[in-house]
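Enquirer: Quick one: the structure is below, and I'll ask about it shortly.
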Amino acid sequence: MDMTGDADHLLPSDSPVTLIGTDGHPVADASRPLPDDAELRRALASLITARRLNDQAYALVRQGRLAVYPSSHGQEACQVAAAQVLDDGDWLFPTYRDTVAAVGRGVDPVEALTLLKGDWHCGWDPYEHKVAPHATPLATQLPHAVGVAHAARLRGESTVVMALCGDGGTSEGDFHEALNFAAVLRAPVVFLIQNNEYAISVPLARQTAAPSLAHKGVGYGIPGERVDGNDIAALLSVLGEAVARARDGGGPQLVEAHTYRMQAHTNADDATRYRADADVEAWVARDPITRLKTFLAPGDSEMAALHEQAEKVAEHVRDGLNRDVEPDPADLFAHVYAEPTPQLREQAAQLADDQMREGALR
């Protein structure tokens with residue numbers, strides 16, 4: 001890449017790309033065409049299921065079946081689009097708030113919530129679905145995503161990696177290291193920043209002085225783009241274009257999706273301490289589901305079928321998470337190393353002896 005020439009091609013648009021306005025009607029002067037009807041109807045089905053999954057998980061926290069749940073209620077469109085634009089052989093690297101994206105890639109929602117129940121570090125096989133484990137530490141998954149993308153390129157594969165993070169993640173060193181490596185290596189990775197305006201209680205204005213988070217790509221030689229994160233049509237268009245560009249050898253891209261976290265950071269957070277209810281209410285009219293429903297105008301029978309399917313997912317989640325699991329202490333040693341160390345073998349043998357003696361005393 002020639003870094004001595006004009007860098008204007010790296011700059012994002014002056015305002016976020018929007019194709020369907022908050023009133024549910026197409027934007028008159030849109031810069032790109034709308035996705036086709038089938039793609040949007042597929043997205044609507046995923047959005048309705050995603051909302052039901054979010055709300056069901058939040059209810060399970062209150063019932064004590066989940067230890068914690070970072071809801072993406074209101075910003076589901078970002079995750080639905082991120083999963084939908086990928087091919088089967090592509091990889092997704094999610095954060096702790098991206099359960100919807102993992103489910104969109106085929107992960108069983110019960111398995112996707114296992115970490116948040118406290119049973120395992122990751123409830124699914126990452127290689128089966130090409131979905132990395134949830135990353136709770138901010139931005140630590142981004143260098144890993146670059147590594148997978150670079151390895152795929154070295155092998156001559158057409159794999160593209162979608163790496164998700166929040167606005168808070170952009171303040172971490174891992175974010176900057178990942179972008180620098182991705183640019184230098186021209187790795188086929190798309191960085192999607194879900195800018196929901198808060199890093200727990202820290203507003204965006206106290207994290208960065210950049211014109212936008214998408215502008216941060218300029219310093220690394222990565223093109224940036226801004227998109228309305230509650231407009232699924234715009235997300236599908238922008239992310240789809242970025243994935244296609246990466247697959248064709250165009251290197252990485254940074255996309256900032258402007259959205260909002262409608263609920264608290266997690267159930268352990270009191271959002272009323274740092275933001276006003278009126279600020280939240282202002283985003284209700286920008287709800288991604290309402291916007292897309294208005295645009296597509298689905299019939300009553302179609303909507304009933306979509307809600308029925310979403311309820312089946314919620315029922316599956318309830319059934320799966322309401323089962324009590326009897327922990328096996330031997331699992332402590334099962335997945336530490338591919339080849340257990342002598343110390344682990346010794347400890348596992350000691351545990352087995354203790355269990356045998358305990359059983360004999362019963």
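Labels for the structure tokens follow display order: chains A, B, ..., residues from 1 in each chain, ligands from 1.
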Using only C-alpha atoms, determine which residues lie at most 9 Å from stretch 131-135 of chain A, disregarding the query and same-chain residues fewer than 5 positions distant; provide the list as a list in words.

Expert: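 Result of the neighbour search: Asp90, Trp91, Leu92, Phe93, Pro94, Thr95, Tyr96, Arg97, Asp98, Thr99, Ala102, Arg105, Val107, Ala112, Leu115, His121, Cys122, Gly123, Trp124, Asp125, Pro126, Thr140, Gln141 and Ala145 of chain A.
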
Enquirer: Any chance you could export the current selection's N, CA and C atoms as a tab-separated table (two decimals), in the first residue's frame?

Expert:
```tsv
chain	number	residue	atom	x	y	z
A	90	ASP	N	-15.94	-18.50	7.15
A	90	ASP	CA	-15.41	-17.32	7.82
A	90	ASP	C	-15.46	-17.48	9.34
A	91	TRP	N	-14.72	-16.61	10.03
A	91	TRP	CA	-14.64	-16.67	11.48
A	91	TRP	C	-15.26	-15.42	12.11
A	92	LEU	N	-15.84	-15.62	13.29
A	92	LEU	CA	-16.37	-14.53	14.11
A	92	LEU	C	-15.66	-14.52	15.45
A	93	PHE	N	-15.20	-13.33	15.87
A	93	PHE	CA	-14.58	-13.16	17.19
A	93	PHE	C	-15.45	-12.20	18.01
A	94	PRO	N	-16.26	-12.74	18.93
A	94	PRO	CA	-17.21	-11.91	19.67
A	94	PRO	C	-16.68	-11.42	21.01
A	95	THR	N	-17.38	-10.45	21.58
A	95	THR	CA	-17.14	-10.02	22.95
A	95	THR	C	-18.17	-10.69	23.86
A	96	TYR	N	-18.14	-10.35	25.13
A	96	TYR	CA	-19.09	-10.91	26.09
A	96	TYR	C	-20.53	-10.50	25.81
A	97	ARG	N	-20.74	-9.40	25.06
A	97	ARG	CA	-22.10	-8.92	24.79
A	97	ARG	C	-22.66	-9.46	23.47
A	98	ASP	N	-21.92	-10.34	22.80
A	98	ASP	CA	-22.28	-10.73	21.44
A	98	ASP	C	-22.87	-12.12	21.34
A	99	THR	N	-23.69	-12.50	22.32
A	99	THR	CA	-24.37	-13.80	22.28
A	99	THR	C	-25.21	-13.93	21.02
A	102	ALA	N	-23.10	-14.90	18.05
A	102	ALA	CA	-22.69	-16.31	18.10
A	102	ALA	C	-23.84	-17.22	17.69
A	105	ARG	N	-24.43	-17.46	14.06
A	105	ARG	CA	-23.48	-18.32	13.35
A	105	ARG	C	-23.76	-19.80	13.57
A	107	VAL	N	-24.38	-21.32	16.71
A	107	VAL	CA	-24.12	-21.83	18.05
A	107	VAL	C	-25.44	-22.01	18.79
A	112	ALA	N	-24.24	-21.05	24.06
A	112	ALA	CA	-23.74	-19.67	24.03
A	112	ALA	C	-23.85	-18.99	25.38
A	115	LEU	N	-21.09	-19.94	29.48
A	115	LEU	CA	-20.09	-19.14	30.19
A	115	LEU	C	-20.76	-18.24	31.22
A	121	HIS	N	-15.66	-22.05	30.46
A	121	HIS	CA	-15.13	-20.84	29.85
A	121	HIS	C	-15.76	-20.62	28.48
A	122	CYS	N	-16.08	-21.69	27.79
A	122	CYS	CA	-16.73	-21.61	26.48
A	122	CYS	C	-17.62	-22.81	26.34
A	123	GLY	N	-18.86	-22.60	25.96
A	123	GLY	CA	-19.81	-23.71	25.93
A	123	GLY	C	-19.91	-24.42	24.60
A	124	TRP	N	-19.13	-24.00	23.61
A	124	TRP	CA	-19.24	-24.61	22.29
A	124	TRP	C	-17.86	-24.91	21.71
A	125	ASP	N	-17.86	-25.70	20.63
A	125	ASP	CA	-16.62	-26.01	19.93
A	125	ASP	C	-16.35	-24.89	18.93
A	126	PRO	N	-15.33	-24.07	19.15
A	126	PRO	CA	-15.07	-22.94	18.24
A	126	PRO	C	-14.84	-23.37	16.80
A	140	THR	N	-9.10	-8.15	23.93
A	140	THR	CA	-8.05	-9.16	23.84
A	140	THR	C	-8.26	-10.12	22.67
A	141	GLN	N	-9.49	-10.22	22.18
A	141	GLN	CA	-9.77	-11.12	21.06
A	141	GLN	C	-9.32	-10.54	19.72
A	145	ALA	N	-7.95	-12.43	16.37
A	145	ALA	CA	-8.68	-12.40	15.10
A	145	ALA	C	-7.74	-12.10	13.93
```

Enquirer: Run DSSP on the backbone and give me the residues of stretch 130-273 of chain A it puts in helix (DSSP H, G or I), as a ChimeraX atom specification.

Expert: /A:141-154,168-171,173-185,204-206,213-220,232-247,271-273

Enquirer: Determine, counting only C-alpha atoms, which protein, DNA and RNA residues have an atom within 9 Å of an atom of A:Ala45; residues of the same chain fewer than 3 positions away are not included. Present the result as a list in words.

Expert: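 Contacts, with the query itself left out: Leu40, Arg41, Arg42, Ile48, Thr49, Ala50, Met303, Leu306, His307, Gln309 and Ala310 of chain A.
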
Enquirer: Would you put the residues from that selection into a file with C-alpha atoms, as a PDB file, in the first residue's frame?

Expert:
```
ATOM      1  CA  LEU A  40     -34.034  -8.153   4.792  1.00  0.00           C
ATOM      2  CA  ARG A  41     -36.764 -10.640   5.703  1.00  0.00           C
ATOM      3  CA  ARG A  42     -34.121 -13.067   6.880  1.00  0.00           C
ATOM      4  CA  ILE A  48     -37.110 -10.891  16.459  1.00  0.00           C
ATOM      5  CA  THR A  49     -35.451 -14.071  17.715  1.00  0.00           C
ATOM      6  CA  ALA A  50     -32.513 -12.034  19.015  1.00  0.00           C
ATOM      7  CA  MET A 303     -45.272 -11.880  12.069  1.00  0.00           C
ATOM      8  CA  LEU A 306     -41.693 -15.197  13.336  1.00  0.00           C
ATOM      9  CA  HIS A 307     -42.747 -14.720  16.953  1.00  0.00           C
ATOM     10  CA  GLN A 309     -40.169 -19.360  16.071  1.00  0.00           C
ATOM     11  CA  ALA A 310     -38.613 -16.895  18.519  1.00  0.00           C
TER      12      ALA A 310
END
```

Enquirer: Select from stretch 29-72 of chain A every residue with an atom at most 12 Å from any atom of stretch 226-234 of chain A, then for each give the shortest pair of atoms and their distance in Å to one decimal, using only C-alpha atoms, rows by chain and rising number, as CSV.

Expert:
```
residue,atom,partner,partner_atom,distance
A:Ala30,CA,A:Ala234,CA,9.6
A:Ser31,CA,A:Ala234,CA,10.0
A:Arg32,CA,A:Ala234,CA,8.7
A:Pro33,CA,A:Ala234,CA,9.1
A:Leu34,CA,A:Ala233,CA,6.3
A:Pro35,CA,A:Ala233,CA,6.2
A:Asp36,CA,A:Ala233,CA,9.2
A:Asp37,CA,A:Ala233,CA,10.1
A:Ala38,CA,A:Ala233,CA,11.6
A:Glu39,CA,A:Ala233,CA,8.9
A:Leu40,CA,A:Ala233,CA,6.9
A:Arg41,CA,A:Ala233,CA,10.5
A:Arg42,CA,A:Ile232,CA,10.8
A:Ala43,CA,A:Ile232,CA,7.4
A:Leu44,CA,A:Ile232,CA,8.7
A:Ala45,CA,A:Ile232,CA,11.9
A:Ser46,CA,A:Ile232,CA,10.8
A:Leu47,CA,A:Ile232,CA,9.2
A:Ser72,CA,A:Asn230,CA,11.8
```

Enquirer: When you count only C-alpha atoms, which of these residues is closest to A:Asp14: A:Ala214, A:Leu60, A:Leu344, A:Val85?

Expert: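 Ranked by minimum distance to A:Asp14, first place goes to A:Ala214.
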